[in-house]
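S.K.: Here you go, protein_0.pdb (PDB, C-alpha atoms):
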ATOM      1  CA  LEU Z   1     -50.577   3.162 376.343
ATOM      2  CA  HIS Z   2     -48.811   6.038 378.127
ATOM      3  CA  ALA Z   3     -49.786   4.455 381.449
ATOM      4  CA  LEU Z   4     -48.410   1.007 380.600
ATOM      5  CA  PRO Z   5     -44.875   0.002 381.670
ATOM      6  CA  LEU Z   6     -42.468  -0.352 378.761
ATOM      7  CA  ALA Z   7     -40.835  -3.631 379.790
ATOM      8  CA  PRO Z   8     -43.670  -5.992 378.765
ATOM      9  CA  LEU Z   9     -44.056  -4.181 375.447
ATOM     10  CA  GLY Z  10     -40.356  -4.475 374.757
ATOM     11  CA  THR Z  11     -39.977  -8.158 375.534
ATOM     12  CA  THR Z  12     -42.991  -9.689 373.821
ATOM     13  CA  ASP Z  13     -42.427 -11.824 370.730
ATOM     14  CA  GLY Z  14     -46.056 -11.494 369.722
ATOM     15  CA  ALA Z  15     -45.395  -8.387 367.665
ATOM     16  CA  SER Z  16     -44.548  -8.518 363.984
ATOM     17  CA  TYR Z  17     -43.238  -6.330 361.221
ATOM     18  CA  SER Z  18     -46.252  -7.459 359.235
ATOM     19  CA  PRO Z  19     -49.842  -6.523 360.187
ATOM     20  CA  VAL Z  20     -50.870  -7.931 363.554
ATOM     21  CA  LEU Z  21     -53.787 -10.334 363.191
ATOM     22  CA  ASP Z  22     -56.011  -9.133 366.023
ATOM     23  CA  GLY Z  23     -59.203 -10.891 364.913
ATOM     24  CA  LYS Z  24     -61.083  -7.590 364.792
ATOM     25  CA  ILE Z  25     -59.503  -5.101 362.400
ATOM     26  CA  VAL Z  26     -57.056  -7.435 360.651
ATOM     27  CA  VAL Z  27     -58.619 -10.872 360.747
ATOM     28  CA  ALA Z  28     -56.339 -12.718 358.292
ATOM     29  CA  PRO Z  29     -53.088 -12.219 356.329
ATOM     30  CA  PRO Z  30     -53.488  -9.327 353.861
ATOM     31  CA  ASN Z  31     -53.135 -11.416 350.699
ATOM     32  CA  MET Z  32     -55.792 -13.814 351.965
ATOM     33  CA  LEU Z  33     -58.171 -10.910 352.562
ATOM     34  CA  LEU Z  34     -57.349  -9.326 349.193
ATOM     35  CA  SER Z  35     -58.053 -12.603 347.406
ATOM     36  CA  LYS Z  36     -61.621 -12.345 348.696
ATOM     37  CA  HIS Z  37     -62.202  -8.675 347.891
ATOM     38  CA  VAL Z  38     -60.316  -5.990 345.957
ATOM     39  CA  GLU Z  39     -61.433  -2.370 345.693
ATOM     40  CA  PRO Z  40     -60.985  -1.793 341.927
ATOM     41  CA  ASP Z  41     -61.113   1.998 342.298
ATOM     42  CA  VAL Z  42     -58.117   2.143 344.666
ATOM     43  CA  PRO Z  43     -54.759   2.156 342.799
ATOM     44  CA  VAL Z  44     -51.690   0.895 344.642
ATOM     45  CA  ILE Z  45     -47.913   1.141 344.283
ATOM     46  CA  THR Z  46     -46.195  -2.070 345.362
ATOM     47  CA  GLY Z  47     -42.502  -2.850 345.361
ATOM     48  CA  THR Z  48     -39.366  -4.139 347.013
ATOM     49  CA  ASN Z  49     -35.644  -3.455 347.041
ATOM     50  CA  ALA Z  50     -33.256  -5.461 344.894
ATOM     51  CA  GLN Z  51     -31.245  -6.814 347.853
ATOM     52  CA  SER Z  52     -33.664  -6.397 350.755
ATOM     53  CA  CYS Z  53     -32.232  -8.926 353.180
ATOM     54  CA  THR Z  54     -28.578  -7.994 352.891
ATOM     55  CA  LEU Z  55     -29.427  -5.519 355.647
ATOM     56  CA  PHE Z  56     -30.102  -8.422 358.004
ATOM     57  CA  VAL Z  57     -27.392 -10.807 356.756
ATOM     58  CA  MET Z  58     -24.328  -8.790 355.795
ATOM     59  CA  ARG Z  59     -23.792  -6.424 358.711
ATOM     60  CA  VAL Z  60     -22.123  -9.035 360.926
ATOM     61  CA  THR Z  61     -18.800 -10.691 360.118
ATOM     62  CA  ALA Z  62     -19.999 -14.108 361.305
ATOM     63  CA  MET Z  63     -22.842 -13.993 358.800
ATOM     64  CA  ARG Z  64     -20.663 -12.869 355.889
ATOM     65  CA  GLU Z  65     -18.174 -15.633 356.644
ATOM     66  CA  MET Z  66     -20.668 -18.496 356.708
ATOM     67  CA  THR Z  67     -19.654 -21.563 354.714
ATOM     68  CA  SER Z  68     -21.690 -23.451 352.150
ATOM     69  CA  ALA Z  69     -22.240 -26.158 354.787
ATOM     70  CA  THR Z  70     -23.701 -23.554 357.154
ATOM     71  CA  LEU Z  71     -25.942 -22.254 354.367
ATOM     72  CA  ALA Z  72     -27.247 -25.776 353.830
ATOM     73  CA  LYS Z  73     -27.947 -26.102 357.573
ATOM     74  CA  LEU Z  74     -29.882 -22.825 357.617
ATOM     75  CA  VAL Z  75     -31.999 -23.852 354.639
ATOM     76  CA  ALA Z  76     -32.545 -27.304 356.154
ATOM     77  CA  ALA Z  77     -33.676 -25.763 359.439
ATOM     78  CA  LEU Z  78     -36.555 -24.017 357.647
ATOM     79  CA  TRP Z  79     -37.258 -26.298 354.686
ATOM     80  CA  PRO Z  80     -35.867 -29.754 355.602
ATOM     81  CA  LYS Z  81     -37.635 -31.569 352.754
ATOM     82  CA  ASP Z  82     -36.640 -29.113 350.037
ATOM     83  CA  VAL Z  83     -32.980 -28.311 350.760
ATOM     84  CA  ASP Z  84     -31.491 -29.661 347.552
ATOM     85  CA  GLN Z  85     -33.908 -28.001 345.176
ATOM     86  CA  ILE Z  86     -33.749 -24.662 347.026
ATOM     87  CA  LEU Z  87     -29.947 -24.637 346.891
ATOM     88  CA  ALA Z  88     -30.092 -25.630 343.221
ATOM     89  CA  HIS Z  89     -32.150 -22.504 342.508
ATOM     90  CA  TYR Z  90     -29.499 -20.325 344.182
ATOM     91  CA  PRO Z  91     -26.139 -21.617 342.865
ATOM     92  CA  LEU Z  92     -23.164 -20.059 344.609
ATOM     93  CA  SER Z  93     -21.485 -19.476 341.253
ATOM     94  CA  GLN Z  94     -23.803 -16.549 340.549
ATOM     95  CA  TYR Z  95     -22.508 -14.517 343.512
ATOM     96  CA  SER Z  96     -19.150 -12.726 343.356
ATOM     97  CA  LEU Z  97     -18.906 -11.612 347.010
ATOM     98  CA  VAL Z  98     -19.234 -14.018 349.977
ATOM     99  CA  PRO Z  99     -21.374 -16.486 347.964
ATOM    100  CA  PRO Z 100     -23.005 -18.474 350.825
ATOM    101  CA  ALA Z 101     -24.096 -15.309 352.656
ATOM    102  CA  SER Z 102     -25.239 -13.709 349.399
ATOM    103  CA  ALA Z 103     -27.302 -16.772 348.529
ATOM    104  CA  TRP Z 104     -28.888 -16.790 352.000
ATOM    105  CA  ALA Z 105     -29.736 -13.103 351.708
ATOM    106  CA  GLN Z 106     -31.319 -13.660 348.295
ATOM    107  CA  ILE Z 107     -33.324 -16.662 349.476
ATOM    108  CA  LEU Z 108     -34.748 -14.587 352.315
ATOM    109  CA  SER Z 109     -35.334 -11.576 350.050
ATOM    110  CA  ASP Z 110     -37.326 -13.644 347.577
ATOM    111  CA  TYR Z 111     -39.297 -15.500 350.241
ATOM    112  CA  ILE Z 112     -40.082 -12.548 352.509
ATOM    113  CA  PHE Z 113     -40.276  -9.614 350.111
ATOM    114  CA  VAL Z 114     -40.148 -10.210 346.347
ATOM    115  CA  CYS Z 115     -42.565 -13.093 345.869
ATOM    116  CA  PRO Z 116     -45.245 -11.993 348.383
ATOM    117  CA  THR Z 117     -45.219  -8.513 346.792
ATOM    118  CA  ARG Z 118     -45.559 -10.057 343.343
ATOM    119  CA  ALA Z 119     -48.472 -12.145 344.632
ATOM    120  CA  THR Z 120     -50.141  -9.031 346.066
ATOM    121  CA  SER Z 121     -49.805  -7.274 342.718
ATOM    122  CA  SER Z 122     -51.341 -10.266 340.948
ATOM    123  CA  ILE Z 123     -54.303 -10.358 343.314
ATOM    124  CA  LEU Z 124     -54.891  -6.616 342.904
ATOM    125  CA  ALA Z 125     -54.645  -6.814 339.115
ATOM    126  CA  ASP Z 126     -56.986  -9.805 338.911
ATOM    127  CA  GLY Z 127     -59.444  -7.881 341.093
ATOM    128  CA  GLY Z 128     -59.501  -4.957 338.676
ATOM    129  CA  ALA Z 129     -57.264  -2.534 340.600
ATOM    130  CA  ASP Z 130     -54.331  -0.679 339.080
ATOM    131  CA  ALA Z 131     -51.199  -1.936 340.801
ATOM    132  CA  PHE Z 132     -47.825  -0.457 339.856
ATOM    133  CA  LEU Z 133     -44.984  -2.829 340.745
ATOM    134  CA  TYR Z 134     -41.405  -1.593 341.132
ATOM    135  CA  LYS Z 135     -37.935  -2.723 342.136
ATOM    136  CA  PHE Z 136     -35.621  -0.222 343.817
ATOM    137  CA  ALA Z 137     -32.179  -1.099 342.460
ATOM    138  CA  TYR Z 138     -30.167   2.085 343.025
ATOM    139  CA  VAL Z 139     -27.172   1.917 345.381
ATOM    140  CA  PRO Z 140     -26.685   5.387 346.951
ATOM    141  CA  ASP Z 141     -23.207   6.904 346.868
ATOM    142  CA  CYS Z 142     -23.694   8.624 350.248
ATOM    143  CA  ASP Z 143     -24.948   6.048 352.714
ATOM    144  CA  ILE Z 144     -25.350   5.367 356.436
ATOM    145  CA  PHE Z 145     -22.984   2.373 356.318
ATOM    146  CA  PRO Z 146     -19.175   2.541 356.050
ATOM    147  CA  PRO Z 147     -17.565   1.770 352.675
ATOM    148  CA  ASP Z 148     -16.114  -1.584 353.789
ATOM    149  CA  LEU Z 149     -19.654  -2.787 354.549
ATOM    150  CA  HIS Z 150     -21.461  -0.828 351.868
ATOM    151  CA  LYS Z 151     -20.057  -3.057 349.099
ATOM    152  CA  TYR Z 152     -21.927  -6.096 350.462
ATOM    153  CA  LEU Z 153     -25.316  -4.426 350.826
ATOM    154  CA  GLY Z 154     -26.450  -3.266 347.397
ATOM    155  CA  ALA Z 155     -29.975  -1.824 347.378
ATOM    156  CA  TYR Z 156     -30.799  -3.057 350.880
ATOM    157  CA  HIS Z 157     -34.016  -2.791 352.879
ATOM    158  CA  PHE Z 158     -34.821   0.905 353.604
ATOM    159  CA  ALA Z 159     -31.948   2.224 351.418
ATOM    160  CA  GLU Z 160     -34.605   4.130 349.465
ATOM    161  CA  ILE Z 161     -36.105   5.975 352.440
ATOM    162  CA  PRO Z 162     -33.722   8.972 352.544
ATOM    163  CA  LEU Z 163     -34.121   9.336 348.781
ATOM    164  CA  VAL Z 164     -37.902   9.224 348.654
ATOM    165  CA  PHE Z 165     -38.102  11.879 351.381
ATOM    166  CA  GLY Z 166     -35.278  13.966 349.934
ATOM    167  CA  ASN Z 167     -33.186  13.802 353.111
ATOM    168  CA  PRO Z 168     -29.477  12.871 352.917
ATOM    169  CA  PRO Z 169     -28.131  10.741 355.795
ATOM    170  CA  LEU Z 170     -27.783  12.900 358.883
ATOM    171  CA  ILE Z 171     -24.864  11.009 360.417
ATOM    172  CA  PRO Z 172     -23.017   8.999 357.749
ATOM    173  CA  PRO Z 173     -20.046   6.955 359.052
ATOM    174  CA  VAL Z 174     -17.745   8.820 356.695
ATOM    175  CA  PRO Z 175     -18.726  12.453 356.019
ATOM    176  CA  CYS Z 176     -20.356  12.611 352.614
ATOM    177  CA  THR Z 177     -22.888  14.578 350.639
ATOM    178  CA  TRP Z 178     -25.244  13.351 348.001
ATOM    179  CA  SER Z 179     -23.700  12.834 344.605
ATOM    180  CA  PRO Z 180     -25.473  14.171 341.482
ATOM    181  CA  SER Z 181     -26.802  10.632 340.922
ATOM    182  CA  ASP Z 182     -28.191  10.486 344.468
ATOM    183  CA  ARG Z 183     -29.983  13.806 343.913
ATOM    184  CA  ASN Z 184     -31.363  12.757 340.539
ATOM    185  CA  VAL Z 185     -32.738   9.467 341.818
ATOM    186  CA  SER Z 186     -34.204  11.215 344.861
ATOM    187  CA  LEU Z 187     -35.945  13.766 342.647
ATOM    188  CA  ALA Z 188     -37.277  11.051 340.366
ATOM    189  CA  MET Z 189     -38.652   9.081 343.309
ATOM    190  CA  ARG Z 190     -40.361  12.117 344.773
ATOM    191  CA  HIS Z 191     -41.971  12.792 341.393
ATOM    192  CA  ILE Z 192     -43.231   9.204 341.285
ATOM    193  CA  TRP Z 193     -44.866   9.335 344.701
ATOM    194  CA  THR Z 194     -46.248  12.852 344.559
ATOM    195  CA  GLY Z 195     -47.540  12.280 341.041
ATOM    196  CA  PHE Z 196     -49.287   9.154 342.240
ATOM    197  CA  ALA Z 197     -50.854  10.999 345.164
ATOM    198  CA  HIS Z 198     -52.000  13.795 342.858
ATOM    199  CA  ALA Z 199     -53.252  11.901 339.803
ATOM    200  CA  GLU Z 200     -53.315   8.216 340.863
ATOM    201  CA  LEU Z 201     -50.571   7.540 338.315
ATOM    202  CA  PRO Z 202     -46.838   7.392 339.091
ATOM    203  CA  SER Z 203     -44.916  10.194 337.367
ATOM    204  CA  SER Z 204     -42.127   7.984 336.010
ATOM    205  CA  LEU Z 205     -39.342   8.734 333.556
ATOM    206  CA  VAL Z 206     -40.112   5.561 331.586
ATOM    207  CA  ASP Z 207     -43.630   4.414 330.680
ATOM    208  CA  TRP Z 208     -44.888   2.359 333.637
ATOM    209  CA  PRO Z 209     -48.005   0.324 332.859
ATOM    210  CA  ALA Z 210     -50.235  -1.104 335.539
ATOM    211  CA  TYR Z 211     -49.393  -4.644 336.533
ATOM    212  CA  ASN Z 212     -51.091  -7.571 334.832
ATOM    213  CA  THR Z 213     -50.563 -11.317 335.135
ATOM    214  CA  THR Z 214     -49.673 -11.747 331.462
ATOM    215  CA  ALA Z 215     -46.744  -9.391 330.847
ATOM    216  CA  ARG Z 216     -46.084  -8.727 334.566
ATOM    217  CA  PRO Z 217     -44.421  -5.309 334.057
ATOM    218  CA  LEU Z 218     -42.048  -4.022 336.726
ATOM    219  CA  TYR Z 219     -40.484  -0.563 336.868
ATOM    220  CA  ILE Z 220     -36.823  -0.496 337.907
ATOM    221  CA  ILE Z 221     -35.876   2.552 339.969
ATOM    222  CA  ASP Z 222     -32.227   3.211 339.244
ATOM    223  CA  GLU Z 223     -29.900   5.872 337.902
ATOM    224  CA  ALA Z 224     -31.167   4.878 334.450
ATOM    225  CA  PRO Z 225     -34.745   3.655 335.064
ATOM    226  CA  SER Z 226     -36.105   0.870 332.895
ATOM    227  CA  LEU Z 227     -38.956  -1.600 332.561
ATOM    228  CA  ASP Z 228     -38.663  -5.338 333.167
ATOM    229  CA  HIS Z 229     -41.194  -8.144 332.826
ATOM    230  CA  ASN Z 230     -41.841 -11.216 334.963
ATOM    231  CA  TYR Z 231     -39.054 -10.280 337.369
ATOM    232  CA  ARG Z 232     -37.871 -13.396 339.265
ATOM    233  CA  GLY Z 233     -40.967 -15.121 337.923
ATOM    234  CA  GLN Z 234     -39.514 -18.620 337.758
ATOM    235  CA  LEU Z 235     -38.220 -18.354 341.303
ATOM    236  CA  CYS Z 236     -41.550 -17.077 342.624
ATOM    237  CA  ASP Z 237     -43.364 -19.900 340.821
ATOM    238  CA  PHE Z 238     -40.915 -22.262 342.488
ATOM    239  CA  TRP Z 239     -41.522 -20.807 345.962
ATOM    240  CA  ALA Z 240     -45.283 -20.981 345.439
ATOM    241  CA  ASN Z 241     -44.967 -24.771 345.457
ATOM    242  CA  ILE Z 242     -42.717 -25.004 348.519
ATOM    243  CA  PRO Z 243     -44.670 -25.564 351.758
ATOM    244  CA  PRO Z 244     -44.004 -22.889 354.400
ATOM    245  CA  PRO Z 245     -41.600 -23.864 357.180
ATOM    246  CA  SER Z 246     -43.175 -25.567 360.164
ATOM    247  CA  VAL Z 247     -42.018 -22.694 362.382
ATOM    248  CA  ILE Z 248     -43.826 -20.183 360.180
ATOM    249  CA  ALA Z 249     -47.430 -19.448 361.065
ATOM    250  CA  ASP Z 250     -48.163 -17.368 357.960
ATOM    251  CA  SER Z 251     -46.384 -16.060 354.859
ATOM    252  CA  HIS Z 252     -44.939 -13.068 356.725
ATOM    253  CA  ALA Z 253     -43.911 -14.730 359.981
ATOM    254  CA  LEU Z 254     -40.265 -14.823 358.922
ATOM    255  CA  ALA Z 255     -40.458 -11.107 359.686
ATOM    256  CA  ARG Z 256     -41.009 -11.812 363.386
ATOM    257  CA  PRO Z 257     -38.658  -9.548 365.351
ATOM    258  CA  ALA Z 258     -36.788 -12.432 366.960
ATOM    259  CA  LEU Z 259     -35.948 -14.026 363.646
ATOM    260  CA  LEU Z 260     -35.005 -10.796 361.911
ATOM    261  CA  GLN Z 261     -32.866  -9.897 364.901
ATOM    262  CA  ALA Z 262     -31.173 -13.262 364.663
ATOM    263  CA  LEU Z 263     -30.366 -12.697 361.002
ATOM    264  CA  ALA Z 264     -28.015  -9.922 362.100
ATOM    265  CA  THR Z 265     -26.203 -11.957 364.771
ATOM    266  CA  SER Z 266     -24.824 -15.333 363.744
ATOM    267  CA  PRO Z 267     -25.850 -18.549 361.962
ATOM    268  CA  GLU Z 268     -25.687 -20.382 365.289
ATOM    269  CA  HIS Z 269     -28.188 -17.972 366.846
ATOM    270  CA  ILE Z 270     -30.595 -18.461 363.948
ATOM    271  CA  LEU Z 271     -30.365 -22.238 364.197
ATOM    272  CA  ALA Z 272     -30.913 -22.069 367.963
ATOM    273  CA  LEU Z 273     -34.027 -19.911 367.533
ATOM    274  CA  ILE Z 274     -35.505 -22.089 364.816
ATOM    275  CA  GLY Z 275     -34.607 -25.313 366.557
TER
END
Starting from the file, give its structure as structure tokens.
M.R.:
Amino acid sequence: LHALPLAPLGTTDGASYSPVLDGKIVVAPPNMLLSKHVEPDVPVITGTNAQSCTLFVMRVTAMREMTSATLAKLVAALWPKDVDQILAHYPLSQYSLVPPASAWAQILSDYIFVCPTRATSSILADGGADAFLYKFAYVPDCDIFPPDLHKYLGAYHFAEIPLVFGNPPLIPPVPCTWSPSDRNVSLAMRHIWTGFAHAELPSSLVDWPAYNTTARPLYIIDEAPSLDHNYRGQLCDFWANIPPPSVIADSHALARPALLQALATSPEHILALIG
């Protein structure tokens, strides 16, 4: 790899944020492989962030200012036969800030992150493995994004990384230090992960049972941690019956770099890429 020129590696669209299906080591999408064989003696922590895709939607003014008509066009570009029922499951009235953009971010979060992770946990549990499902819901006080943008992001994709490693942002846009809440959540997260590595059980502040497909427990990582059940279950059941978009080769292909890059540019760019 050191001998190869960088240009071809940087321009290919064959890469993915999900595992690359090379036909040798990874021969099929992970959930498909897990459905055929689960190692029951290998416990797993699985989870997502509460607002994963705000990172890709909210950082650009053109995305935040999309109209409801533009939202409908974006949904139609991916799921032309299911537009009305998808929009009905994400009513704009439930979002207080920039409703069309918030709905689009939530649609993508559920489709790309929440529901596939829930499905993975179900497969692991049915195969006899201990899977511990979580939702990271804490919004850090000291963050890498400026305050005028921070309010749109919530618990966005990778917001938990500085906390789980115990490292405050090195170059925040406005000088800040971790608040007591930031430190407490960071300490709690480090206890969870190190406890899991040490004893194969997460060291949580609230009892965190292994996932099962009856109660579907989910641990909420927040300033005041709690336990939920069947988180976004009705929506994930809904998405399970929606055929994948024709432009999507597998359940994780929405994470292709080109599409994720487009999410942070403009609605027009997304529609051009999909079209």
S.K.: Please write the residues picked by the PyMOL selection byres ((chain Z and resi 126) around 12) on this file as number ranges by chain.
M.R.: Z: 34-40, 119-125, 127-131, 210-214, 216
S.K.: Could you please determine the separation between atom CA of Z:Ala155 and atom CA of Z:Tyr134 in Å, to one decimal place?
M.R.: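 Separation of atom CA of Z:Ala155 and atom CA of Z:Tyr134: 13.0 Å.
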S.K.: What's around stretch 98-109 of chain Z at 7 Å? Count only C-alpha atoms, leave out sequence neighbours fewer than 3 positions away in its own chain, and write the answer as number ranges by chain.
M.R.: Z: 51-54, 57, 63-68, 71, 90, 92, 95, 112-114
S.K.: Could you tell me how far atom CA of Z:Ala188 lies from atom CA of Z:Ile221, in Å and to one decimal?
M.R.: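 Going from atom CA of Z:Ala188 over to atom CA of Z:Ile221 covers 8.6 Å.
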S.K.: Report the distance between atom CA of Z:Phe238 and atom CA of Z:Lys81 in Å, rounded to one decimal place.
M.R.: 14.2 Å
S.K.: Once the PyMOL selection byres ((chain Z and resi 174) around 12) has been evaluated on this model, what residues remain selected, and can you format them as a PyMOL selection string?
M.R.: chain Z and resi 141-150+169-173+175-177
S.K.: Take the PyMOL selection byres ((chain Z and resi 193) around 10), run it mentally on this structure, and tell me the resulting residues as a compact mmCIF listing (two decimals) with C-alpha atoms, keeping the file's coordinate frame.
M.R.:
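Contents of out34.txt, freshly written:
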# COMPACT_ATOMS: atom_id res chain seq x y z
CA ILE Z 45 -47.91 1.14 344.28
CA VAL Z 164 -37.90 9.22 348.65
CA PHE Z 165 -38.10 11.88 351.38
CA ALA Z 188 -37.28 11.05 340.37
CA MET Z 189 -38.65 9.08 343.31
CA ARG Z 190 -40.36 12.12 344.77
CA HIS Z 191 -41.97 12.79 341.39
CA ILE Z 192 -43.23 9.20 341.28
CA THR Z 194 -46.25 12.85 344.56
CA GLY Z 195 -47.54 12.28 341.04
CA PHE Z 196 -49.29 9.15 342.24
CA ALA Z 197 -50.85 11.00 345.16
CA HIS Z 198 -52.00 13.80 342.86
CA GLU Z 200 -53.32 8.22 340.86
CA LEU Z 201 -50.57 7.54 338.32
CA PRO Z 202 -46.84 7.39 339.09
CA SER Z 203 -44.92 10.19 337.37
CA SER Z 204 -42.13 7.98 336.01
S.K.: I'd like to know which of Z:Leu74, Z:Gly23, Z:Val185, Z:Cys115 is closest to Z:Ala137, using only C-alpha atoms.
M.R.: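 Of the candidates, the smallest distance to Z:Ala137 is held by Z:Val185.
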S.K.: I need the residue nearest Z:Leu153 from this list: Z:Val20, Z:Val26, Z:Met58, Z:Leu205. Use all atoms listed in the file for the distance.
M.R.: Z:Met58
S.K.: Which residue is closest to Z:Asn241? Choose from Z:Leu218, Z:Phe158, Z:Ile86, Z:Phe132 and count all atoms listed in the file.
M.R.: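 Checking each of Z:Leu218, Z:Phe158, Z:Ile86, Z:Phe132 against Z:Asn241, counting all atoms listed in the file, the winner is Z:Ile86.
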S.K.: Using all atoms listed in the file, find the one residue out of Z:Asn184, Z:Ile25, Z:Ala3, Z:Ala199 that sits nearest to Z:Ala224.
M.R.: Z:Asn184
S.K.: Please determine an axis-aligned box that encloses all atoms of stretch 109-125 of chain Z listed in the file, with 3 Å added on each side, and express its centre and edge lengths in Å to one decimal as AutoDock Vina command-line options.
M.R.:
--center_x -45.1 --center_y -11.1 --center_z 345.8 --size_x 25.6 --size_y 14.9 --size_z 19.4
S.K.: Using all atoms listed in the file for the distances, tell me which of Z:Ile161, Z:Ile220, Z:Val75, Z:Leu97 is nearest to Z:Pro245.
M.R.: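 Nearest to Z:Pro245: Z:Val75.
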S.K.: Since the input is missing atoms for stretch 61-78 of chain Z, could you rebuild it with N, CA and C atoms and give the result as a PDB file, in the coordinates of the input?
M.R.:
ATOM      1  N   THR Z  61     -19.873  -9.900 360.719  1.00  0.00           N
ATOM      2  CA  THR Z  61     -18.800 -10.691 360.118  1.00  0.00           C
ATOM      3  C   THR Z  61     -19.123 -12.178 360.117  1.00  0.00           C
ATOM      4  N   ALA Z  62     -19.692 -12.680 361.210  1.00  0.00           N
ATOM      5  CA  ALA Z  62     -19.999 -14.108 361.305  1.00  0.00           C
ATOM      6  C   ALA Z  62     -20.982 -14.546 360.232  1.00  0.00           C
ATOM      7  N   MET Z  63     -21.891 -13.659 359.858  1.00  0.00           N
ATOM      8  CA  MET Z  63     -22.842 -13.993 358.800  1.00  0.00           C
ATOM      9  C   MET Z  63     -22.159 -13.977 357.436  1.00  0.00           C
ATOM     10  N   ARG Z  64     -21.334 -12.960 357.192  1.00  0.00           N
ATOM     11  CA  ARG Z  64     -20.663 -12.869 355.889  1.00  0.00           C
ATOM     12  C   ARG Z  64     -19.710 -14.040 355.674  1.00  0.00           C
ATOM     13  N   GLU Z  65     -19.171 -14.574 356.763  1.00  0.00           N
ATOM     14  CA  GLU Z  65     -18.174 -15.633 356.644  1.00  0.00           C
ATOM     15  C   GLU Z  65     -18.768 -17.036 356.727  1.00  0.00           C
ATOM     16  N   MET Z  66     -20.080 -17.158 356.658  1.00  0.00           N
ATOM     17  CA  MET Z  66     -20.668 -18.496 356.708  1.00  0.00           C
ATOM     18  C   MET Z  66     -20.171 -19.339 355.533  1.00  0.00           C
ATOM     19  N   THR Z  67     -20.090 -20.632 355.749  1.00  0.00           N
ATOM     20  CA  THR Z  67     -19.654 -21.563 354.714  1.00  0.00           C
ATOM     21  C   THR Z  67     -20.866 -22.117 353.965  1.00  0.00           C
ATOM     22  N   SER Z  68     -20.597 -22.826 352.892  1.00  0.00           N
ATOM     23  CA  SER Z  68     -21.690 -23.451 352.150  1.00  0.00           C
ATOM     24  C   SER Z  68     -22.386 -24.513 353.006  1.00  0.00           C
ATOM     25  N   ALA Z  69     -21.635 -25.174 353.890  1.00  0.00           N
ATOM     26  CA  ALA Z  69     -22.240 -26.158 354.787  1.00  0.00           C
ATOM     27  C   ALA Z  69     -23.202 -25.486 355.758  1.00  0.00           C
ATOM     28  N   THR Z  70     -22.819 -24.295 356.258  1.00  0.00           N
ATOM     29  CA  THR Z  70     -23.701 -23.554 357.154  1.00  0.00           C
ATOM     30  C   THR Z  70     -24.945 -23.090 356.411  1.00  0.00           C
ATOM     31  N   LEU Z  71     -24.780 -22.641 355.181  1.00  0.00           N
ATOM     32  CA  LEU Z  71     -25.942 -22.254 354.367  1.00  0.00           C
ATOM     33  C   LEU Z  71     -26.914 -23.419 354.240  1.00  0.00           C
ATOM     34  N   ALA Z  72     -26.386 -24.597 353.960  1.00  0.00           N
ATOM     35  CA  ALA Z  72     -27.247 -25.776 353.830  1.00  0.00           C
ATOM     36  C   ALA Z  72     -27.989 -26.072 355.134  1.00  0.00           C
ATOM     37  N   LYS Z  73     -27.302 -25.877 356.273  1.00  0.00           N
ATOM     38  CA  LYS Z  73     -27.947 -26.102 357.573  1.00  0.00           C
ATOM     39  C   LYS Z  73     -29.082 -25.098 357.811  1.00  0.00           C
ATOM     40  N   LEU Z  74     -28.852 -23.843 357.432  1.00  0.00           N
ATOM     41  CA  LEU Z  74     -29.882 -22.825 357.617  1.00  0.00           C
ATOM     42  C   LEU Z  74     -31.108 -23.134 356.765  1.00  0.00           C
ATOM     43  N   VAL Z  75     -30.874 -23.504 355.519  1.00  0.00           N
ATOM     44  CA  VAL Z  75     -31.999 -23.852 354.639  1.00  0.00           C
ATOM     45  C   VAL Z  75     -32.715 -25.089 355.180  1.00  0.00           C
ATOM     46  N   ALA Z  76     -31.947 -26.073 355.623  1.00  0.00           N
ATOM     47  CA  ALA Z  76     -32.545 -27.304 356.154  1.00  0.00           C
ATOM     48  C   ALA Z  76     -33.361 -27.051 357.408  1.00  0.00           C
ATOM     49  N   ALA Z  77     -32.940 -26.067 358.210  1.00  0.00           N
ATOM     50  CA  ALA Z  77     -33.676 -25.763 359.439  1.00  0.00           C
ATOM     51  C   ALA Z  77     -35.080 -25.240 359.140  1.00  0.00           C
ATOM     52  N   LEU Z  78     -35.250 -24.562 358.002  1.00  0.00           N
ATOM     53  CA  LEU Z  78     -36.555 -24.017 357.647  1.00  0.00           C
ATOM     54  C   LEU Z  78     -37.311 -24.904 356.673  1.00  0.00           C
TER      55      LEU Z  78
END
